[in-house]
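Engineer: Contents are mmCIF, C-alpha atoms; file name protein_37.cif:
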data_start
#
loop_
_atom_site.label_atom_id
_atom_site.label_comp_id
_atom_site.auth_asym_id
_atom_site.auth_seq_id
_atom_site.Cartn_x
_atom_site.Cartn_y
_atom_site.Cartn_z
CA MET Y 1 118.33 116.29 82.38
CA ASN Y 2 121.43 116.29 80.15
CA ILE Y 3 123.68 119.30 79.55
CA ILE Y 4 122.02 120.29 76.26
CA LYS Y 5 118.53 120.19 77.76
CA VAL Y 6 119.66 122.23 80.77
CA LYS Y 7 121.18 124.81 78.44
CA ASP Y 8 118.01 124.91 76.32
CA ARG Y 9 115.87 125.27 79.44
CA HIS Y 10 117.85 128.34 80.50
CA GLU Y 11 117.64 129.77 76.98
CA LEU Y 12 113.89 129.12 76.93
CA GLU Y 13 113.39 130.93 80.24
CA LYS Y 14 115.42 133.85 78.91
CA ARG Y 15 113.37 134.16 75.70
CA ILE Y 16 109.85 133.71 77.10
CA PRO Y 17 109.58 137.29 78.47
CA SER Y 18 110.08 138.58 74.93
CA MET Y 19 106.93 136.71 73.81
CA PRO Y 20 103.31 137.90 74.05
CA TRP Y 21 101.40 136.66 77.08
CA TYR Y 22 99.35 134.14 75.11
CA ILE Y 23 102.47 132.42 73.77
CA GLU Y 24 103.92 132.24 77.28
CA LYS Y 25 100.63 130.66 78.35
CA PHE Y 26 100.92 128.10 75.53
CA ILE Y 27 104.55 127.25 76.40
CA ASN Y 28 103.64 126.67 80.04
CA TYR Y 29 100.77 124.45 78.92
CA LYS Y 30 103.13 122.35 76.78
CA LEU Y 31 106.00 122.25 79.25
CA PRO Y 32 105.02 118.94 80.93
CA ASP Y 33 104.75 117.17 77.57
CA LEU Y 34 107.56 118.56 75.44
CA SER Y 35 111.25 118.90 76.11
CA PRO Y 36 112.82 122.35 76.65
CA SER Y 37 114.67 121.85 73.37
CA SER Y 38 111.42 121.36 71.43
CA LEU Y 39 109.76 124.33 73.11
CA LEU Y 40 112.78 126.50 72.39
CA GLU Y 41 112.35 125.67 68.70
CA TYR Y 42 108.71 126.70 69.00
CA VAL Y 43 109.70 130.05 70.52
CA ARG Y 44 112.25 130.67 67.78
CA ASP Y 45 109.61 129.93 65.15
CA TYR Y 46 107.17 132.32 66.83
CA GLU Y 47 109.85 135.05 66.92
CA ILE Y 48 110.26 134.74 63.15
CA PHE Y 49 106.49 134.82 62.60
CA LEU Y 50 105.84 137.82 64.87
CA SER Y 51 108.78 139.74 63.43
CA TRP Y 52 107.34 139.10 59.96
CA LEU Y 53 103.92 140.38 61.10
CA LEU Y 54 105.51 143.65 62.25
CA ALA Y 55 107.62 143.99 59.09
CA GLU Y 56 104.57 143.45 56.86
CA GLY Y 57 102.47 145.93 58.78
CA LEU Y 58 100.00 143.25 59.84
CA SER Y 59 100.44 144.42 63.40
CA THR Y 60 101.05 147.95 64.67
CA ALA Y 61 102.47 146.79 68.00
CA PRO Y 62 105.72 148.54 69.05
CA SER Y 63 107.44 145.20 69.76
CA ILE Y 64 107.00 141.45 69.44
CA ASN Y 65 105.84 140.88 73.01
CA GLN Y 66 103.05 143.43 72.56
CA VAL Y 67 101.45 141.91 69.46
CA PRO Y 68 97.79 141.55 70.53
CA ILE Y 69 95.95 138.29 70.05
CA GLU Y 70 93.34 140.17 68.00
CA ASP Y 71 95.94 140.62 65.24
CA LEU Y 72 96.07 136.83 64.87
CA GLU Y 73 92.30 136.71 64.44
CA LYS Y 74 92.45 139.18 61.52
CA LEU Y 75 94.88 137.15 59.44
CA HIS Y 76 93.68 135.99 56.01
CA MET Y 77 94.81 132.92 54.09
CA ASP Y 78 96.69 135.27 51.74
CA SER Y 79 98.80 136.33 54.72
CA VAL Y 80 99.61 132.73 55.58
CA ASP Y 81 100.56 132.04 51.95
CA ASN Y 82 102.79 135.13 51.96
CA PHE Y 83 104.47 133.96 55.16
CA ARG Y 84 105.07 130.57 53.55
CA MET Y 85 106.69 132.30 50.57
CA PHE Y 86 108.79 134.40 52.92
CA LEU Y 87 110.08 131.24 54.62
CA ALA Y 88 110.93 129.69 51.25
CA THR Y 89 113.24 132.61 50.44
CA ARG Y 90 115.29 132.36 53.62
CA ARG Y 91 118.63 131.10 52.31
CA GLU Y 92 120.01 129.94 55.62
CA GLN Y 93 117.59 127.01 55.70
CA ALA Y 94 119.23 123.65 54.98
CA ASN Y 95 116.00 121.92 54.02
CA VAL Y 96 113.40 124.47 52.94
CA LYS Y 97 110.39 122.13 52.71
CA THR Y 98 111.00 120.42 56.04
CA THR Y 99 111.72 123.72 57.81
CA ILE Y 100 108.62 125.43 56.43
CA ASN Y 101 106.42 122.52 57.46
CA ARG Y 102 107.87 122.57 60.96
CA LYS Y 103 107.26 126.29 61.40
CA LEU Y 104 103.71 126.06 60.06
CA SER Y 105 103.08 123.07 62.31
CA ALA Y 106 104.30 125.11 65.32
CA LEU Y 107 101.82 127.86 64.39
CA ARG Y 108 99.00 125.34 63.97
CA SER Y 109 99.69 124.01 67.48
CA LEU Y 110 99.61 127.52 68.94
CA PHE Y 111 96.42 128.56 67.12
CA HIS Y 112 94.70 125.29 68.02
CA TYR Y 113 95.50 125.79 71.70
CA LEU Y 114 94.26 129.38 71.67
CA SER Y 115 91.04 128.58 69.82
CA GLN Y 116 90.13 125.16 71.21
CA ILE Y 117 91.69 124.77 74.67
CA ALA Y 118 92.52 128.07 76.35
CA GLU Y 119 89.61 130.12 77.73
CA ASP Y 120 89.05 133.63 78.99
CA GLU Y 121 87.28 134.51 82.26
CA ASP Y 122 83.88 134.09 80.60
CA PHE Y 123 84.78 130.60 79.28
CA TYR Y 124 85.10 131.77 75.68
CA PRO Y 125 88.08 130.74 73.50
CA LEU Y 126 90.99 133.16 73.62
CA LEU Y 127 91.17 133.11 69.83
CA LYS Y 128 87.79 133.54 68.14
CA ARG Y 129 88.94 132.75 64.60
CA ASN Y 130 91.64 130.22 63.65
CA VAL Y 131 93.02 130.80 60.15
CA MET Y 132 95.67 128.08 60.64
CA ALA Y 133 92.93 125.42 60.79
CA LYS Y 134 92.61 125.90 57.02
CA VAL Y 135 96.31 125.29 56.36
CA GLU Y 136 97.21 121.86 55.04
CA ILE Y 137 100.71 120.70 55.84
CA LYS Y 138 102.09 117.96 53.64
CA ARG Y 139 104.48 115.91 55.68
CA SER Y 140 107.80 115.08 54.06
CA HIS Y 141 109.30 111.87 55.37
CA ARG Y 142 113.03 111.63 55.08
CA PRO Y 143 114.38 108.14 54.29
CA LYS Y 144 116.80 108.41 57.20
CA ASP Y 145 113.96 109.13 59.65
CA SER Y 146 111.86 106.25 58.31
CA ALA Y 147 114.83 103.92 58.61
CA ALA Y 148 115.41 104.99 62.22
CA LYS Y 149 111.83 104.04 63.11
CA LEU Y 150 112.22 100.60 61.53
CA GLU Y 151 115.64 99.81 62.94
CA GLY Y 152 115.54 96.79 65.22
CA LYS Y 153 111.97 95.94 64.21
CA LEU Y 154 112.72 93.84 61.14
CA LEU Y 155 113.94 90.33 60.47
CA GLN Y 156 117.64 90.36 59.67
CA GLU Y 157 119.10 87.97 57.07
CA GLU Y 158 119.16 84.59 58.87
CA GLU Y 159 116.08 85.56 60.91
CA ILE Y 160 113.97 85.39 57.75
CA ALA Y 161 114.66 81.68 57.39
CA GLN Y 162 114.29 81.21 61.15
CA PHE Y 163 110.83 82.79 61.18
CA ILE Y 164 109.63 80.63 58.28
CA ASP Y 165 111.04 77.55 60.01
CA TYR Y 166 109.27 78.55 63.23
CA VAL Y 167 105.91 78.72 61.48
CA GLN Y 168 106.62 75.35 59.91
CA ASN Y 169 108.02 73.52 62.93
CA GLY Y 170 108.20 75.56 66.14
CA TYR Y 171 104.74 77.10 66.54
CA GLU Y 172 102.96 73.76 66.87
CA HIS Y 173 105.17 72.81 69.81
CA ASP Y 174 104.57 76.15 71.56
CA VAL Y 175 100.76 75.85 71.41
CA ALA Y 176 100.58 72.09 72.03
CA SER Y 177 98.35 72.55 75.08
CA ASN Y 178 95.87 74.81 73.27
CA LYS Y 179 93.41 72.58 71.39
CA GLN Y 180 91.78 75.44 69.50
CA ALA Y 181 95.13 76.84 68.35
CA ILE Y 182 96.31 73.39 67.28
CA TYR Y 183 93.11 72.75 65.32
CA SER Y 184 93.40 76.07 63.47
CA TYR Y 185 97.11 75.51 62.83
CA GLU Y 186 96.70 72.00 61.45
CA ARG Y 187 93.88 73.16 59.22
CA ASN Y 188 95.74 76.18 57.78
CA LYS Y 189 99.41 75.34 58.28
CA ILE Y 190 100.31 74.91 54.61
CA ARG Y 191 98.43 78.07 53.64
CA ASP Y 192 99.99 80.15 56.40
CA ILE Y 193 103.49 78.95 55.57
CA CYS Y 194 102.85 79.85 51.94
CA ILE Y 195 101.65 83.38 52.72
CA ILE Y 196 104.55 84.22 55.03
CA THR Y 197 107.14 82.60 52.75
CA LEU Y 198 105.81 84.43 49.72
CA ILE Y 199 105.90 87.85 51.41
CA LEU Y 200 109.41 87.26 52.75
CA ASN Y 201 110.59 86.24 49.30
CA SER Y 202 108.86 88.89 47.20
CA GLY Y 203 108.06 91.94 49.35
CA LEU Y 204 104.37 91.99 48.40
CA ARG Y 205 102.02 94.39 50.18
CA VAL Y 206 99.07 93.02 52.15
CA SER Y 207 96.68 94.44 49.53
CA GLU Y 208 98.62 92.65 46.80
CA VAL Y 209 98.53 89.34 48.67
CA PHE Y 210 94.81 89.82 49.25
CA ASN Y 211 94.12 90.44 45.55
CA LEU Y 212 96.12 87.48 44.24
CA ASN Y 213 94.25 84.98 42.07
CA VAL Y 214 95.39 81.47 41.21
CA ASP Y 215 95.98 82.48 37.59
CA ASP Y 216 98.36 85.23 38.69
CA ILE Y 217 101.01 82.72 39.79
CA ASP Y 218 103.62 81.50 37.29
CA LEU Y 219 105.86 78.96 39.03
CA LYS Y 220 108.05 78.39 35.98
CA LYS Y 221 108.95 82.05 35.63
CA LYS Y 222 108.93 82.60 39.41
CA LEU Y 223 106.61 85.56 39.21
CA THR Y 224 103.12 86.72 40.09
CA HIS Y 225 101.03 89.45 38.52
CA VAL Y 226 99.78 92.09 40.96
CA TYR Y 227 97.79 95.28 40.69
CA ARG Y 228 99.91 98.37 41.28
CA LYS Y 229 99.43 102.09 40.76
CA GLY Y 230 101.41 103.97 38.16
CA LYS Y 231 102.57 107.58 38.26
CA ASN Y 232 99.15 108.85 37.23
CA ASP Y 233 97.35 106.65 39.78
CA ASP Y 234 96.32 104.27 37.00
CA THR Y 235 95.99 100.74 38.34
CA PHE Y 236 97.54 98.04 36.20
CA LYS Y 237 98.86 94.51 36.56
CA THR Y 238 102.60 94.14 36.70
CA PRO Y 239 104.87 91.10 37.17
CA VAL Y 240 106.61 90.76 40.53
CA TYR Y 241 109.26 88.08 40.92
CA PHE Y 242 109.68 85.84 43.94
CA ARG Y 243 112.69 83.87 45.07
CA GLN Y 244 113.21 80.16 44.58
CA ASP Y 245 112.47 79.61 48.28
CA ALA Y 246 108.80 80.44 47.64
CA ILE Y 247 108.37 77.75 44.95
CA GLU Y 248 108.00 74.82 47.35
CA ALA Y 249 105.58 76.68 49.62
CA LEU Y 250 103.39 77.72 46.68
CA THR Y 251 103.49 74.23 45.17
CA ASN Y 252 102.46 72.65 48.46
CA TYR Y 253 99.60 75.07 48.95
CA LEU Y 254 98.27 74.82 45.40
CA ALA Y 255 98.22 71.04 45.77
CA ILE Y 256 95.75 71.21 48.69
CA ARG Y 257 93.87 74.44 47.93
CA GLN Y 258 90.96 72.70 46.20
CA THR Y 259 90.55 69.75 48.56
CA GLN Y 260 91.24 71.63 51.79
CA TYR Y 261 89.12 74.72 51.19
CA LYS Y 262 86.57 73.41 48.65
CA PRO Y 263 85.98 76.72 46.85
CA LEU Y 264 83.21 77.22 44.36
CA LYS Y 265 84.32 77.09 40.73
CA LYS Y 266 83.86 80.82 40.33
CA GLU Y 267 86.23 81.55 43.26
CA LYS Y 268 89.55 82.61 41.73
CA ALA Y 269 91.26 83.86 44.90
CA LEU Y 270 94.61 82.29 45.66
CA PHE Y 271 94.41 82.42 49.44
CA LEU Y 272 91.21 81.10 50.98
CA ALA Y 273 89.58 80.77 54.37
CA ILE Y 274 86.45 78.95 55.54
CA ALA Y 275 84.25 80.99 57.84
CA ASN Y 276 82.49 79.39 60.80
CA GLY Y 277 79.38 77.53 59.69
CA LYS Y 278 80.42 77.61 56.03
CA LYS Y 279 81.63 74.79 53.81
CA GLU Y 280 83.24 76.62 50.91
CA GLY Y 281 86.41 78.66 51.10
CA VAL Y 282 86.33 82.31 50.07
CA ARG Y 283 89.01 84.95 49.59
CA MET Y 284 90.86 85.76 52.80
CA THR Y 285 90.38 89.29 54.09
CA LYS Y 286 93.27 91.70 54.50
CA ARG Y 287 92.69 91.66 58.23
CA ALA Y 288 92.89 87.86 58.38
CA ILE Y 289 96.22 87.94 56.53
CA GLN Y 290 97.54 90.57 58.89
CA GLU Y 291 96.33 88.72 61.98
CA LEU Y 292 97.94 85.43 61.02
CA VAL Y 293 101.30 87.16 60.68
CA ILE Y 294 100.87 88.81 64.08
CA LYS Y 295 99.84 85.50 65.65
CA TYR Y 296 103.05 83.77 64.64
CA ALA Y 297 105.20 86.85 65.28
CA LYS Y 298 104.09 87.08 68.92
CA ARG Y 299 105.02 83.45 69.59
CA PHE Y 300 108.29 83.94 67.72
CA GLY Y 301 109.19 86.72 70.14
CA LYS Y 302 108.79 89.65 67.75
CA PRO Y 303 105.28 91.00 68.43
CA TYR Y 304 105.93 94.18 66.42
CA LEU Y 305 106.10 92.28 63.13
CA SER Y 306 103.34 92.86 60.59
CA VAL Y 307 102.89 92.18 56.88
CA HIS Y 308 104.39 95.59 56.18
CA LYS Y 309 107.45 94.85 58.31
CA LEU Y 310 107.88 91.47 56.59
CA ARG Y 311 107.89 93.45 53.34
CA HIS Y 312 110.55 95.76 54.77
CA SER Y 313 112.54 92.74 55.97
CA PHE Y 314 112.57 91.30 52.45
CA ALA Y 315 113.45 94.67 50.95
CA THR Y 316 116.43 95.19 53.26
CA ASP Y 317 117.76 91.73 52.50
CA TYR Y 318 117.08 92.17 48.76
CA TYR Y 319 118.83 95.53 48.69
CA LEU Y 320 122.01 93.96 50.04
CA GLN Y 321 122.18 91.78 46.94
CA ASN Y 322 120.95 94.28 44.35
CA ASP Y 323 121.01 97.99 43.54
CA LEU Y 324 118.63 100.74 44.56
CA TYR Y 325 116.70 100.76 41.30
CA LYS Y 326 116.20 97.00 41.20
CA THR Y 327 114.81 97.23 44.74
CA GLN Y 328 112.55 100.12 43.72
CA GLU Y 329 111.20 98.09 40.80
CA GLN Y 330 110.65 94.97 42.90
CA LEU Y 331 108.73 96.85 45.59
CA GLY Y 332 106.74 99.04 43.22
CA HIS Y 333 107.91 102.35 44.67
CA ALA Y 334 107.02 105.38 42.55
CA SER Y 335 110.17 107.22 43.62
CA PRO Y 336 113.71 106.03 44.44
CA GLU Y 337 113.58 108.33 47.49
CA THR Y 338 111.17 105.91 49.16
CA THR Y 339 113.56 103.05 48.50
CA GLN Y 340 116.49 104.89 50.06
CA ILE Y 341 115.38 103.85 53.55
CA TYR Y 342 116.96 100.46 52.87
CA ALA Y 343 120.31 102.12 52.25
CA HIS Y 344 120.05 103.57 55.76
CA LEU Y 345 118.89 100.25 57.21
CA THR Y 346 122.08 98.49 56.20
CA ASP Y 347 125.69 98.98 57.20
CA ARG Y 348 126.87 98.14 53.73
CA THR Y 349 127.33 100.75 51.03
CA MET Y 350 125.52 101.05 47.72
CA SER Y 351 128.66 100.01 45.85
CA GLU Y 352 128.87 96.78 47.87
CA ALA Y 353 125.25 95.98 47.04
CA ILE Y 354 125.82 96.61 43.33
CA ASP Y 355 129.02 94.53 43.35
CA LYS Y 356 127.09 91.59 44.81
CA ARG Y 357 124.57 91.89 42.04
CA LEU Y 358 127.28 91.93 39.36
CA GLU Y 359 128.92 88.84 40.83
CA SER Y 360 125.69 86.81 40.80
#
What is this structure when it is put down as structure tokens?

Structural biologist:
Amino acid sequence: MNIIKVKDRHELEKRIPSMPWYIEKFINYKLPDLSPSSLLEYVRDYEIFLSWLLAEGLSTAPSINQVPIEDLEKLHMDSVDNFRMFLATRREQANVKTTINRKLSALRSLFHYLSQIAEDEDFYPLLKRNVMAKVEIKRSHRPKDSAAKLEGKLLQEEEIAQFIDYVQNGYEHDVASNKQAIYSYERNKIRDICIITLILNSGLRVSEVFNLNVDDIDLKKKLTHVYRKGKNDDTFKTPVYFRQDAIEALTNYLAIRQTQYKPLKKEKALFLAIANGKKEGVRMTKRAIQELVIKYAKRFGKPYLSVHKLRHSFATDYYLQNDLYKTQEQLGHASPETTQIYAHLTDRTMSEAIDKRLES
């Protein structure tokens, strides 16, 4: 245990006696799973909540550690809303929304334990009524946190070309002794290369790849039309550009789509698959698209890759050569805040990315 955790453990032990018995019981229950630092934050949040209860007259206990559990059962939703408003007015908070959500989440954990897990001597829940079960907490994801989760799990610059090359040339060698894998690969190689190349050169979502029709592709303009949601959740078709590197893969696939997959005339889907026992190709499922990416990723040595991470890989690479708003437009993000994760995923600054764009 490092110095900070040791210090927090001592502080936690010092503060627990000032808590009601049921909170001490909850902390002991959580101790094997959570760090002393996390539990200390819980205790601090509970101190604020219990102090507020006393100040508002919602408990007549003489001190925090004597607030009876019955006072928690009597709380109304109005009280919870008032506590939320109280938290929003505390000026010392650096990030009001995130801090409020954390404190409410800490209360939800406590109330859940008391009402669903802990029991009295007669095997009844300690807390008979759980008002916090009605509270919805909207999670706010910070770009920096999202970037931290993705770091090391994406394809970096030259790895994008290496992965495409592996699908085209390396995979067949690795599965040479597996007749079933070879048969599937030879049958779908050109299609699979096209799907992976297109995602890594456009940043399309799996749902967008799934919904693509042949008529959506414009090779001359290097774009495809995809369905995306607007600010009012209205779905509309919008052009999304792809890089020159995707032209050859799309051309090769379109050349064999009809003869290889033999779709019915009414089948407009771009990417097709032939199910066992069937003769005509039909639109690939989202799951099939996801699974083919995972199949190649595992052999490539990056089993954590998915369609979504290929999209992130493209976006990170694209951001390095463009500005934030161009990246937002390309990916179809409703807010630039979502796109900011790519600023955190790179070591280069925004000005360097914009300069590259101006030079091109």

Engineer: Can you list what the PyMOL selection byres ((chain Y and resi 270-283) around 7) grabs from this structure, as JSON, numbers by chain?

Structural biologist: {"Y": [212, 213, 214, 261, 262, 263, 264, 267, 268, 269, 284, 285]}

Engineer: Report as a VMD selection string all protein, DNA and RNA residues lying within 7 Å of Val226 (chain Y), evaluated on all atoms listed in the file, omitting residues in the same chain fewer than 3 positions from it.

Structural biologist: chain Y and resid 208 212 237 to 240

Engineer: Which of these, Y:Asn130, Y:Ser207, Y:Asn322, Y:Gln330, has the shortest distance to Gln290 (chain Y) once you count all atoms listed in the file?

Structural biologist: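 Residue with the minimum atom-to-atom distance to Gln290 (chain Y): Y:Ser207.
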
Engineer: Output the residue selection produced by the PyMOL selection byres ((chain Y and resi 56-64) around 9) on the file above, formatted as a list of chain:residue names.

Structural biologist: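 Residues picked by the PyMOL selection byres ((chain Y and resi 56-64) around 9): Y:Ser18, Y:Met19, Y:Pro20, Y:Glu47, Y:Leu50, Y:Ser51, Y:Trp52, Y:Leu53, Y:Leu54, Y:Ala55, Y:Asn65, Y:Gln66, Y:Val67, Y:Pro68, Y:Asp71, Y:Leu72, Y:Lys74, Y:Leu75, Y:Ser79.
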
Engineer: Quick check, in Å to one decimal: how far apart do CA of Tyr22 (chain Y) and CA of Ala88 (chain Y) lie?

Structural biologist: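 Taking CA of Tyr22 (chain Y) as the start and CA of Ala88 (chain Y) as the end point, the length is 26.9 Å.
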
Engineer: Quick one: apply the PyMOL selection byres ((chain Y and resi 30-43) around 10) to the file and drop the selected residues here as a PyMOL selection string.

Structural biologist: chain Y and resi 1+4-13+15-16+18-19+23-29+44-49+102-103+105-107+109-110+113

Engineer: Could those residues be written to a file, using C-alpha atoms, as a short mmCIF file (atom, residue, chain, number, x, y, z; two decimals), in the coordinates of the input?

Structural biologist:
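That gives us result05.cif:
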data_model
loop_
_atom_site.label_atom_id
_atom_site.label_comp_id
_atom_site.auth_asym_id
_atom_site.auth_seq_id
_atom_site.Cartn_x
_atom_site.Cartn_y
_atom_site.Cartn_z
CA MET Y 1 118.33 116.29 82.38
CA ILE Y 4 122.02 120.29 76.26
CA LYS Y 5 118.53 120.19 77.76
CA VAL Y 6 119.66 122.23 80.77
CA LYS Y 7 121.18 124.81 78.44
CA ASP Y 8 118.01 124.91 76.32
CA ARG Y 9 115.87 125.27 79.44
CA HIS Y 10 117.85 128.34 80.50
CA GLU Y 11 117.64 129.77 76.98
CA LEU Y 12 113.89 129.12 76.93
CA GLU Y 13 113.39 130.93 80.24
CA ARG Y 15 113.37 134.16 75.70
CA ILE Y 16 109.85 133.71 77.10
CA SER Y 18 110.08 138.58 74.93
CA MET Y 19 106.93 136.71 73.81
CA ILE Y 23 102.47 132.42 73.77
CA GLU Y 24 103.92 132.24 77.28
CA LYS Y 25 100.63 130.66 78.35
CA PHE Y 26 100.92 128.10 75.53
CA ILE Y 27 104.55 127.25 76.40
CA ASN Y 28 103.64 126.67 80.04
CA TYR Y 29 100.77 124.45 78.92
CA ARG Y 44 112.25 130.67 67.78
CA ASP Y 45 109.61 129.93 65.15
CA TYR Y 46 107.17 132.32 66.83
CA GLU Y 47 109.85 135.05 66.92
CA ILE Y 48 110.26 134.74 63.15
CA PHE Y 49 106.49 134.82 62.60
CA ARG Y 102 107.87 122.57 60.96
CA LYS Y 103 107.26 126.29 61.40
CA SER Y 105 103.08 123.07 62.31
CA ALA Y 106 104.30 125.11 65.32
CA LEU Y 107 101.82 127.86 64.39
CA SER Y 109 99.69 124.01 67.48
CA LEU Y 110 99.61 127.52 68.94
CA TYR Y 113 95.50 125.79 71.70
#

Engineer: Just the number, please: distance in Å from CA of Glu186 (chain Y) to CA of Val307 (chain Y), one decimal.

Structural biologist: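 Rounded to one decimal, the two atoms are 21.6 Å apart.
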
Engineer: Separation of CA of Ser306 (chain Y) and CA of Ile137 (chain Y), in Å?

Structural biologist: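 Straight-line distance from CA of Ser306 (chain Y) to CA of Ile137 (chain Y) works out to 28.4 Å.
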
Engineer: Between Y:Ala288, Y:Ala118, Y:Val131, Y:Phe300, which residue has the minimum interatomic distance to Val209 (chain Y), considering all atoms listed in the file?

Structural biologist: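 Closest candidate: Y:Ala288.
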